[in-house]
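*Asks:* File target26.txt follows (compact mmCIF, C-alpha atoms):
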# COMPACT_ATOMS: atom_id res chain seq x y z
CA MET A 1178 10.55 -2.05 7.84
CA GLU A 1179 7.39 -4.14 7.73
CA HIS A 1180 8.02 -5.28 11.29
CA SER A 1181 8.32 -1.64 12.48
CA LEU A 1182 5.14 -0.68 10.63
CA SER A 1183 3.36 -3.63 12.24
CA ASN A 1184 4.47 -2.45 15.69
CA VAL A 1185 3.21 1.06 14.96
CA LYS A 1186 -0.19 -0.27 13.87
CA TYR A 1187 -0.40 -2.52 16.93
CA THR A 1188 0.47 0.39 19.23
CA ALA A 1189 -2.12 2.59 17.52
CA LYS A 1190 -4.79 -0.11 17.91
CA MET A 1191 -3.97 -0.60 21.61
CA THR A 1192 -4.01 3.15 22.20
CA ALA A 1193 -7.37 3.49 20.46
CA ALA A 1194 -8.74 0.54 22.44
CA PHE A 1195 -7.51 2.08 25.70
CA LEU A 1196 -9.11 5.44 24.89
CA CYS A 1197 -12.41 3.78 23.98
CA ALA A 1198 -12.37 1.73 27.18
CA PHE A 1199 -11.48 4.85 29.18
CA LEU A 1200 -14.41 6.79 27.70
CA VAL A 1201 -16.83 3.92 28.34
CA VAL A 1202 -15.67 3.51 31.96
CA ASN A 1203 -15.99 7.25 32.59
CA PHE A 1204 -19.41 7.33 30.99
CA VAL A 1205 -20.57 4.56 33.33
CA CYS A 1206 -18.84 6.15 36.34
CA CYS A 1207 -20.51 9.47 35.57
CA PHE A 1208 -23.65 8.00 37.11
CA TYR A 1209 -21.71 6.63 40.06
CA CYS A 1210 -19.23 9.34 41.05
CA ASN A 1211 -19.73 12.92 39.92
CA MET A 1212 -18.24 15.50 42.28
CA PRO A 1213 -19.23 19.20 42.26
CA GLN A 1214 -16.97 21.80 40.66
CA THR A 1215 -15.75 24.56 42.96
CA ILE A 1216 -14.81 28.18 42.32
CA PRO A 1217 -13.26 30.79 44.67
CA ASN A 1218 -15.72 32.78 46.75
CA LEU A 1219 -14.75 36.43 46.40
CA ASP A 1220 -17.12 37.44 49.22
CA ARG A 1221 -14.72 35.73 51.68
CA TYR A 1222 -17.30 34.18 54.04
CA THR A 1223 -16.20 30.79 52.65
CA VAL A 1224 -13.10 29.70 50.79
CA ASN A 1225 -15.06 28.29 47.86
CA LYS A 1226 -18.51 28.01 46.45
CA HIS A 1227 -19.72 25.72 43.67
CA LYS A 1228 -20.92 25.88 40.14
CA THR A 1229 -24.61 26.69 40.26
CA ARG A 1230 -27.44 24.23 39.66
CA GLN A 1231 -25.32 21.08 39.71
CA TYR A 1232 -26.60 17.60 40.50
CA ASN A 1233 -23.94 15.33 41.94
CA PHE A 1234 -23.74 11.72 43.04
CA TYR A 1235 -20.87 10.28 45.08
CA GLY A 1236 -21.38 6.53 44.90
CA LEU A 1237 -18.18 5.72 46.78
CA GLU A 1238 -19.93 6.68 50.03
CA GLY A 1239 -23.70 6.81 50.33
CA PHE A 1240 -26.35 7.02 47.66
CA GLY A 1241 -27.61 10.57 48.01
CA ILE A 1242 -27.94 13.06 45.20
CA THR A 1243 -26.80 16.56 46.14
CA SER A 1244 -27.78 19.70 44.26
CA THR A 1245 -26.53 23.27 44.36
CA ASP A 1246 -28.83 26.28 44.28
CA LYS A 1247 -28.39 29.29 42.02
CA HIS A 1248 -25.90 30.76 44.51
CA GLY A 1249 -23.55 27.77 44.48
CA PHE A 1250 -24.40 26.06 47.78
CA PHE A 1251 -26.19 22.85 48.72
CA ASN A 1252 -29.69 23.98 49.61
CA ASP A 1253 -33.19 23.20 48.49
CA SER A 1254 -35.33 26.06 47.18
CA THR A 1255 -37.15 26.84 50.43
CA VAL A 1256 -34.67 29.48 51.70
CA ILE A 1257 -32.88 32.19 49.74
CA PRO A 1258 -29.73 33.95 51.05
CA GLN A 1259 -31.43 37.34 51.41
CA GLU A 1260 -33.94 35.85 53.87
CA ALA A 1261 -31.64 33.36 55.64
CA LYS A 1262 -31.60 33.82 59.43
CA THR A 1263 -29.51 30.81 60.49
CA ILE A 1264 -26.26 30.36 58.56
CA CYS A 1265 -24.61 26.94 58.86
CA ILE A 1266 -20.94 26.80 57.87
CA GLY A 1267 -18.66 23.80 58.09
CA SER A 1268 -16.95 20.91 56.38
CA SER A 1269 -18.16 18.17 54.05
CA GLN A 1270 -20.26 16.96 57.00
CA THR A 1271 -22.38 20.12 56.66
CA ARG A 1272 -22.20 20.01 52.87
CA ALA A 1273 -23.51 16.46 53.39
CA VAL A 1274 -21.55 14.08 51.14
CA GLY A 1275 -23.56 10.99 50.25
CA VAL A 1276 -26.88 12.32 51.53
CA ASP A 1277 -29.68 13.95 49.56
CA THR A 1278 -29.69 17.73 49.95
CA SER A 1279 -33.20 17.52 51.38
CA GLU A 1280 -31.92 15.19 54.14
CA ASN A 1281 -28.95 17.17 55.48
CA TYR A 1282 -29.27 18.65 58.96
CA VAL A 1283 -29.72 22.18 57.62
CA SER A 1284 -32.72 21.20 55.50
CA ARG A 1285 -34.10 19.17 58.40
CA LEU A 1286 -33.86 22.20 60.68
CA ASN A 1287 -36.16 24.07 58.29
CA ILE A 1288 -38.59 21.16 58.38
CA LEU A 1289 -38.60 21.15 62.19
CA ASN A 1290 -39.18 24.92 62.29
CA SER A 1291 -39.56 27.03 59.16
CA ALA A 1292 -38.79 30.15 61.22
CA TYR A 1293 -35.12 29.14 61.39
CA LYS A 1294 -34.66 29.84 57.67
CA ALA A 1295 -31.41 27.87 57.84
CA TYR A 1296 -28.99 28.15 54.91
CA ASN A 1297 -26.12 25.75 54.19
CA ILE A 1298 -22.70 27.12 53.13
CA GLY A 1299 -20.67 23.99 53.93
CA ASN A 1300 -17.51 23.22 51.94
CA ASP A 1301 -15.53 20.03 51.42
CA GLY A 1302 -12.30 19.85 53.42
CA LYS A 1303 -12.81 23.17 55.22
CA PHE A 1304 -12.58 22.86 58.97
CA MET A 1305 -12.45 25.17 61.98
CA ARG A 1306 -9.05 26.55 60.97
CA ASP A 1307 -10.44 27.54 57.54
CA ASN A 1308 -13.82 28.89 58.63
CA LEU A 1309 -13.52 30.52 62.06
CA TYR A 1310 -11.93 33.79 60.96
CA ARG A 1311 -14.44 34.06 58.09
CA LEU A 1312 -17.45 34.31 60.40
CA PRO A 1313 -17.39 38.15 60.60
CA TYR A 1314 -18.04 38.26 56.83
CA ILE A 1315 -21.27 36.27 57.15
CA PRO A 1316 -23.48 39.10 58.55
CA LYS A 1317 -22.15 41.37 55.79
CA SER A 1318 -23.24 38.91 53.11
CA PHE A 1319 -26.49 37.69 54.70
CA ALA A 1320 -28.46 40.74 55.77
CA SER A 1321 -31.11 38.78 57.74
CA CYS A 1322 -28.62 36.61 59.65
CA LYS A 1323 -29.53 36.16 63.32
CA LEU A 1324 -27.47 33.08 64.20
CA ILE A 1325 -24.28 31.38 62.98
CA ILE A 1326 -23.66 27.65 63.46
CA LEU A 1327 -20.08 26.48 62.85
CA GLU A 1328 -19.57 22.72 62.48
CA THR A 1329 -16.16 21.07 62.69
CA PRO A 1330 -15.02 17.43 62.89
CA PHE A 1331 -11.48 18.39 63.96
CA LEU A 1332 -9.93 20.68 66.57
CA PRO A 1333 -7.36 23.28 65.49
CA THR A 1334 -3.67 22.76 66.17
CA LEU A 1335 -1.55 25.42 67.90
CA THR A 1336 -0.40 26.58 64.46
CA ASP A 1337 -4.02 26.81 63.32
CA TRP A 1338 -4.88 28.99 66.33
CA ASP A 1339 -2.01 31.34 65.44
CA GLU A 1340 -3.30 31.72 61.89
CA ILE A 1341 -6.83 32.39 63.10
CA ILE A 1342 -5.56 35.01 65.56
CA LEU A 1343 -3.53 36.70 62.81
CA PHE A 1344 -6.54 37.20 60.53
CA LEU A 1345 -8.97 38.16 63.30
CA GLU A 1346 -6.58 40.78 64.69
CA ALA A 1347 -5.73 42.19 61.26
CA ASN A 1348 -9.40 42.17 60.21
CA ASN A 1349 -8.19 41.12 56.78
CA THR A 1350 -9.20 37.66 55.62
CA PRO A 1351 -7.36 36.91 52.37
CA ILE A 1352 -9.27 36.76 49.12
CA ILE A 1353 -8.90 33.44 47.34
CA LYS A 1354 -8.02 34.54 43.84
CA GLN A 1355 -8.63 32.53 40.72
CA ASN A 1356 -5.48 30.85 39.45
CA TRP A 1357 -4.53 30.34 35.83
CA LYS A 1358 -6.41 27.02 35.72
CA ASP A 1359 -9.65 28.79 36.64
CA ARG A 1360 -9.18 31.23 33.78
CA ASN A 1361 -7.81 28.77 31.21
CA ILE A 1362 -10.44 27.65 28.69
CA VAL A 1363 -8.78 24.22 28.28
CA PHE A 1364 -9.02 23.46 32.02
CA GLN A 1365 -12.58 24.80 32.15
CA ILE A 1366 -13.57 22.36 29.40
CA TYR A 1367 -11.67 19.52 31.12
CA ARG A 1368 -13.44 20.13 34.43
CA SER A 1369 -16.83 20.21 32.74
CA LEU A 1370 -16.34 16.88 30.93
CA PRO A 1371 -17.88 13.74 32.47
CA PHE A 1372 -14.57 12.11 33.43
CA PRO A 1373 -15.23 11.25 37.09
CA TYR A 1374 -12.88 8.26 37.07
CA LEU A 1375 -10.04 10.48 35.86
CA HIS A 1376 -10.83 13.20 38.41
CA PHE A 1377 -11.07 10.63 41.19
CA SER A 1378 -7.77 8.98 40.19
CA ILE A 1379 -5.97 12.33 40.17
CA ASN A 1380 -7.36 13.19 43.60
CA GLN A 1381 -6.27 9.80 44.94
CA ILE A 1382 -2.74 10.33 43.63
CA LYS A 1383 -2.62 13.80 45.22
CA THR A 1384 -3.77 12.30 48.51
CA LEU A 1385 -1.06 9.63 48.41
CA LEU A 1386 1.65 12.18 47.61
CA LYS A 1387 0.48 14.69 50.21
CA ASN A 1388 2.66 15.16 53.27
CA ARG A 1389 0.65 13.76 56.18
CA THR A 1390 2.86 14.89 59.04
CA ASP A 1391 0.09 17.20 60.25
CA THR A 1392 -2.11 14.19 61.06
CA VAL A 1393 0.33 12.62 63.50
CA ASP A 1394 -0.93 12.74 67.08
CA ASN A 1395 1.72 14.85 68.77
CA PRO A 1396 1.44 15.92 72.41
CA VAL A 1397 -0.32 19.28 72.77
CA ASP A 1398 0.69 21.96 75.23
CA LEU A 1399 -2.66 22.31 77.00
CA VAL A 1400 -1.80 25.68 78.54
CA GLN A 1401 -0.97 27.16 75.12
CA PHE A 1402 -4.02 25.50 73.59
CA GLY A 1403 -6.26 27.07 76.24
CA ASP A 1404 -4.69 30.52 75.99
CA LYS A 1405 -4.96 30.59 72.20
CA ALA A 1406 -8.51 29.22 72.16
CA ASN A 1407 -9.65 31.82 74.69
CA ARG A 1408 -7.93 34.61 72.74
CA VAL A 1409 -9.62 33.51 69.50
CA MET A 1410 -13.08 33.34 71.06
CA LYS A 1411 -12.64 36.78 72.60
CA LEU A 1412 -11.51 38.27 69.27
CA LEU A 1413 -14.37 36.55 67.48
CA LYS A 1414 -16.94 37.85 69.92
CA ASN A 1415 -15.56 41.38 69.61
CA ARG A 1416 -15.82 41.18 65.82
CA LEU A 1417 -19.35 39.75 65.80
CA GLY A 1418 -20.81 41.81 68.65
CA ASP A 1419 -24.19 40.49 69.77
CA MET A 1420 -24.49 37.95 66.96
CA PRO A 1421 -25.12 34.53 68.58
CA VAL A 1422 -22.64 31.81 67.58
CA ILE A 1423 -22.81 28.05 68.08
CA ILE A 1424 -19.66 25.96 67.67
CA MET A 1425 -20.63 22.34 67.04
CA TYR A 1426 -17.80 19.84 67.39
CA LEU A 1427 -18.87 16.46 65.99
CA PRO A 1428 -18.16 13.50 68.31
CA ARG A 1429 -16.50 10.45 66.79
CA VAL A 1430 -17.95 7.07 67.67
CA HIS A 1431 -16.17 3.75 68.17
CA LEU A 1432 -18.04 0.48 67.79
CA GLU A 1433 -16.79 -1.97 70.40
CA LYS A 1434 -16.74 -5.77 70.19
CA SER A 1435 -19.07 -5.84 73.17
CA GLY A 1436 -21.81 -4.31 71.01
CA HIS A 1437 -21.68 -0.90 72.65
CA ILE A 1438 -20.26 2.38 71.34
CA THR A 1439 -17.88 4.80 72.96
CA ILE A 1440 -17.38 8.48 72.20
CA SER A 1441 -13.98 10.02 71.57
CA ASN A 1442 -13.65 13.24 73.53
CA ASP A 1443 -10.11 14.22 72.47
CA ASP A 1444 -9.01 14.14 76.08
CA GLU A 1445 -8.49 17.61 77.55
CA CYS A 1446 -8.46 19.74 74.39
CA GLN A 1447 -12.18 19.37 73.80
CA LYS A 1448 -12.92 20.40 77.40
CA ILE A 1449 -10.59 23.39 77.12
CA LEU A 1450 -12.35 24.58 73.95
CA LYS A 1451 -15.69 24.25 75.72
CA GLU A 1452 -14.45 26.41 78.61
CA ALA A 1453 -13.11 29.04 76.19
CA CYS A 1454 -16.45 29.20 74.38
CA GLU A 1455 -18.50 29.44 77.55
CA ALA A 1456 -16.20 32.15 78.97
CA ASN A 1457 -16.94 34.28 75.91
CA HIS A 1458 -20.68 33.53 75.69
CA ILE A 1459 -20.39 31.25 72.67
CA LEU A 1460 -22.60 28.17 72.79
CA TYR A 1461 -20.62 24.95 72.48
CA VAL A 1462 -22.36 21.77 71.30
CA TYR A 1463 -20.65 18.44 71.88
CA ASP A 1464 -21.95 16.70 74.99
CA GLN A 1465 -25.54 16.94 73.73
CA LEU A 1466 -24.61 15.25 70.44
CA SER A 1467 -22.65 12.56 72.27
CA ALA A 1468 -25.71 11.72 74.36
CA THR A 1469 -27.94 11.65 71.25
CA PHE A 1470 -25.57 9.35 69.35
CA ILE A 1471 -25.33 6.92 72.29
CA GLU A 1472 -29.07 6.92 72.91
CA ASN A 1473 -29.91 6.21 69.26
CA TYR A 1474 -27.46 3.33 69.12
CA GLU A 1475 -28.37 1.75 72.46
CA THR A 1476 -32.10 2.06 71.74
CA HIS A 1477 -32.39 1.52 67.98
CA ARG A 1478 -28.90 0.28 66.92
CA ILE A 1479 -28.54 3.28 64.61
CA LEU A 1480 -25.11 4.79 63.97
CA PRO A 1481 -24.65 8.40 62.78
CA TYR A 1482 -21.72 7.64 60.45
CA GLY A 1483 -21.23 5.25 57.56
CA PHE A 1484 -23.26 3.81 54.68
CA LEU A 1485 -24.06 0.40 53.22
CA ASN A 1486 -21.26 0.89 50.67
CA SER A 1487 -18.65 2.22 53.13
CA HIS A 1488 -17.31 1.50 56.64
CA ILE A 1489 -19.94 1.29 59.35
CA GLY A 1490 -19.56 3.94 62.03
CA GLN A 1491 -16.89 5.83 60.07
CA GLY A 1492 -16.64 8.50 57.40
CA HIS A 1493 -19.39 10.98 56.67
CA LEU A 1494 -22.70 11.43 58.43
CA ASN A 1495 -25.50 9.34 57.01
CA ALA A 1496 -29.14 10.49 56.80
CA GLU A 1497 -29.82 9.26 60.36
CA GLY A 1498 -26.79 11.17 61.63
CA HIS A 1499 -28.12 14.36 60.05
CA ARG A 1500 -31.50 13.67 61.63
CA MET A 1501 -29.89 13.29 65.07
CA ILE A 1502 -27.98 16.56 64.68
CA ALA A 1503 -31.05 18.46 63.48
CA GLU A 1504 -33.17 17.21 66.38
CA THR A 1505 -30.44 18.02 68.91
CA LEU A 1506 -29.92 21.52 67.51
CA HIS A 1507 -33.67 22.10 67.39
CA LYS A 1508 -33.96 21.24 71.08
CA ILE A 1509 -31.04 23.52 71.99
CA LEU A 1510 -32.37 26.42 69.91
CA GLN A 1511 -35.77 26.10 71.55
CA GLU A 1512 -34.24 26.06 75.03
CA GLU A 1513 -31.96 29.02 74.30
CA GLY A 1514 -34.57 30.99 72.37
CA LEU A 1515 -32.33 31.24 69.29
CA GLY A 1516 -33.02 31.19 65.58
CA GLN A 1517 -36.62 32.35 65.86
Mind converting the file's structure to structure tokens?
*Replies:*
Amino acid sequence: MEHSLSNVKYTAKMTAAFLCAFLVVNFVCCFYCNMPQTIPNLDRYTVNKHKTRQYNFYGLEGFGITSTDKHGFFNDSTVIPQEAKTICIGSSQTRAVGVDTSENYVSRLNILNSAYKAYNIGNDGKFMRDNLYRLPYIPKSFASCKLIILETPFLPTLTDWDEIILFLEANNTPIIKQNWKDRNIVFQIYRSLPFPYLHFSINQIKTLLKNRTDTVDNPVDLVQFGDKANRVMKLLKNRLGDMPVIIMYLPRVHLEKSGHITISNDDECQKILKEACEANHILYVYDQLSATFIENYETHRILPYGFLNSHIGQGHLNAEGHRMIAETLHKILQEEGLGQ
């Protein structure tokens, strides 16, 4: 009996010690990794938006502090949605993980020319397949919109093109409804607590368990890819009318042992997408960025991706990468007479 009681006390002490250690570690990590909370965007021009007026730090990659405005997006206070003329939508590269909000390419565009009135509605993990069919909702939500810039680090698959076509033809983008976790007071409290280590661990487990068959490089039917891409661009242009659109596909860089860098151009698919955009009077930005990335590296040994605490040349755009994109876009907008 005494032995059993001793075991119970020992277990209780170890459990209490673990909980105390867990709280201490999370308290310390709160200043190192604190990701923004997301909520569904019922206006449909993005999948999600964020809790308003958050300050977040993602110390696993970069050292920047990001902040959301009162509308739930990562912008400084210089532009409000009602006055925004250039809407930038994209992935975590546009949201700018690891970079101060004032240093992302959208904020830098406003510094280069305040007339752009660029506004950032980037979202983590949302690529071309998630954002393309949402573009027609942007002019409805941003009354002063004169230009849309769509950033993507990945090309759609054939299945992605089919989904985009379905929603563009039906003119009925689905509303992302709140699930029971969004409405449950217990989960709301849990998400608001400073437990970044716990949140990060759960996300890592989900990533490990996720089926990754969609990332395997399977051969693509180029004819189908071209037909679907052209059909999507035509549908998109019909929906948006005269609204100018820029599709910006981010080049990936490879650092060679020779000391030079090469640019991945995704073989023929990237060229096919470019042709589909140009055929439907949609500006496609890729070659210009490739040239900028190469020039900055060959001249100044500056890479657009990677941070001191991550892999060099990989991952998210660093502050210099955002600078390169902003300067390239600024030059294109001036040449094309857009965004004024």
*Asks:* Name all residues at most 8 Å from Lys1411 (chain A) (count all atoms listed in the file; drop same-chain ones fewer than 4 positions away) and give them as a ChimeraX atom specification.
*Replies:* /A:1407,1415,1457
*Asks:* Keeping C-alpha atoms, export the residues of the selection given above as a PDB file, in the frame of the given file.
*Replies:*
ATOM      1  CA  ASN A1407      -9.650  31.820  74.690  1.00  0.00           C
ATOM      2  CA  ASN A1415     -15.560  41.380  69.610  1.00  0.00           C
ATOM      3  CA  ASN A1457     -16.940  34.280  75.910  1.00  0.00           C
TER       4      ASN A1457
END
*Asks:* When you look at Lys1226 (chain A) with a cut-off of 12 Å (counting only C-alpha atoms), what residues show up, excluding the ones that are within fewer than 3 positions of it in the same chain? I need them as a VMD selection string.
*Replies:* chain A and resid 1213 to 1223 1229 to 1231 1245 to 1251 1266 1272 1297 to 1301 1303 1353
*Asks:* So what do you get for CA of Ile1325 (chain A) versus CA of Ala1503 (chain A), distance-wise?
*Replies:* 14.6 Å
*Asks:* Can you tell me, as a PyMOL selection string, what residues are no more than 9 Å from Leu1450 (chain A) when counting only C-alpha atoms, ignoring any on the same chain fewer than 6 positions away?
*Replies:* chain A and resi 1332+1402-1403+1406-1407+1461
*Asks:* With C-alpha atoms kept, could you save the residues just selected as a PDB file, keeping the file's coordinate frame?
*Replies:*
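And here's part-v7.pdb as it stands now:
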ATOM      1  CA  LEU A1332      -9.930  20.680  66.570  1.00  0.00           C
ATOM      2  CA  PHE A1402      -4.020  25.500  73.590  1.00  0.00           C
ATOM      3  CA  GLY A1403      -6.260  27.070  76.240  1.00  0.00           C
ATOM      4  CA  ALA A1406      -8.510  29.220  72.160  1.00  0.00           C
ATOM      5  CA  ASN A1407      -9.650  31.820  74.690  1.00  0.00           C
ATOM      6  CA  TYR A1461     -20.620  24.950  72.480  1.00  0.00           C
TER       7      TYR A1461
END
*Asks:* Rounded to one decimal place, report the CA of Arg1416 (chain A)-CA of Pro1313 (chain A) distance in Å.
*Replies:*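 Rounded to one decimal, the two atoms are 6.2 Å apart.
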*Asks:* CA of His1431 (chain A) and CA of Gln1465 (chain A) are how many Å apart?
*Replies:*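 A separation of 17.1 Å between them.
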*Asks:* Find, counting only C-alpha atoms, the residue in A:Lys1451, A:His1437, A:His1493, A:Lys1317 that gets nearest to His1477 (chain A).
*Replies:* A:His1437
*Asks:* Restricting the calculation to all atoms listed in the file: of A:Ala1468, A:Ala1194, A:Leu1399, A:Ala1261, which residue gets closest to Leu1427 (chain A)?
*Replies:* A:Ala1468
*Asks:* Give as JSON, numbers by chain the set of residues within 8 Å of the point (-24.7, 12.3, 62.6), where distances use the file's coordinates and only C-alpha atoms.
*Replies:* {"A": [1427, 1470, 1480, 1481, 1482, 1494, 1495, 1496, 1497, 1498, 1499, 1500, 1501, 1502]}
*Asks:* Give me, as a PyMOL selection string, all polymer residues having an atom no more than 12 Å from Phe1240 (chain A), counting only C-alpha atoms and skipping those fewer than 5 positions away in the same chain.
*Replies:* chain A and resi 1208-1211+1233-1235+1273-1278+1280+1483-1487+1495-1496
*Asks:* Taking 2 positions as the minimum chain separation for residues in the same chain, which residues sit within 9 Å of Gly1302 (chain A) when counting all atoms listed in the file? Answer as a list in words.
*Replies:*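 Contacts, with the query itself left out: Gly1267, Ser1268, Ser1269, Asn1300, Phe1304 and Asp1307 of chain A.
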*Asks:* Which is closest to Asn1252 (chain A) among A:Leu1286, A:Cys1454, A:Met1305, A:Ala1292, if we use all atoms listed in the file?
*Replies:* A:Leu1286
*Asks:* Quick one: contact table of region 1200-1318 of chain A to region 1341-1351 of chain A, 8 Å max, nearest atom pair and distance in Å to one decimal per residue, counting all atoms listed in the file, chain and number order, as JSON lines?
*Replies:*
{"residue": "A:Arg1221", "atom": "CA", "partner": "A:Thr1350", "partner_atom": "CA", "distance": 7.1}
{"residue": "A:Arg1306", "atom": "CA", "partner": "A:Ile1341", "partner_atom": "CA", "distance": 6.6}
{"residue": "A:Leu1309", "atom": "CA", "partner": "A:Ile1341", "partner_atom": "CA", "distance": 7.0}
{"residue": "A:Tyr1310", "atom": "CA", "partner": "A:Ile1341", "partner_atom": "CA", "distance": 5.7}
{"residue": "A:Arg1311", "atom": "CA", "partner": "A:Thr1350", "partner_atom": "CA", "distance": 6.8}
*Asks:* Counting all atoms listed in the file, figure out which residue out of A:Lys1405, A:Lys1323, A:His1227, A:His1458 gets nearest to Leu1335 (chain A).
*Replies:* A:Lys1405
*Asks:* Of the candidates A:Val1397, A:Tyr1293, A:Cys1322, A:Ala1453, which shows the shortest atom-to-atom distance to Thr1336 (chain A), using all atoms listed in the file?
*Replies:*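 Closest to Thr1336 (chain A) of all the choices is A:Val1397.
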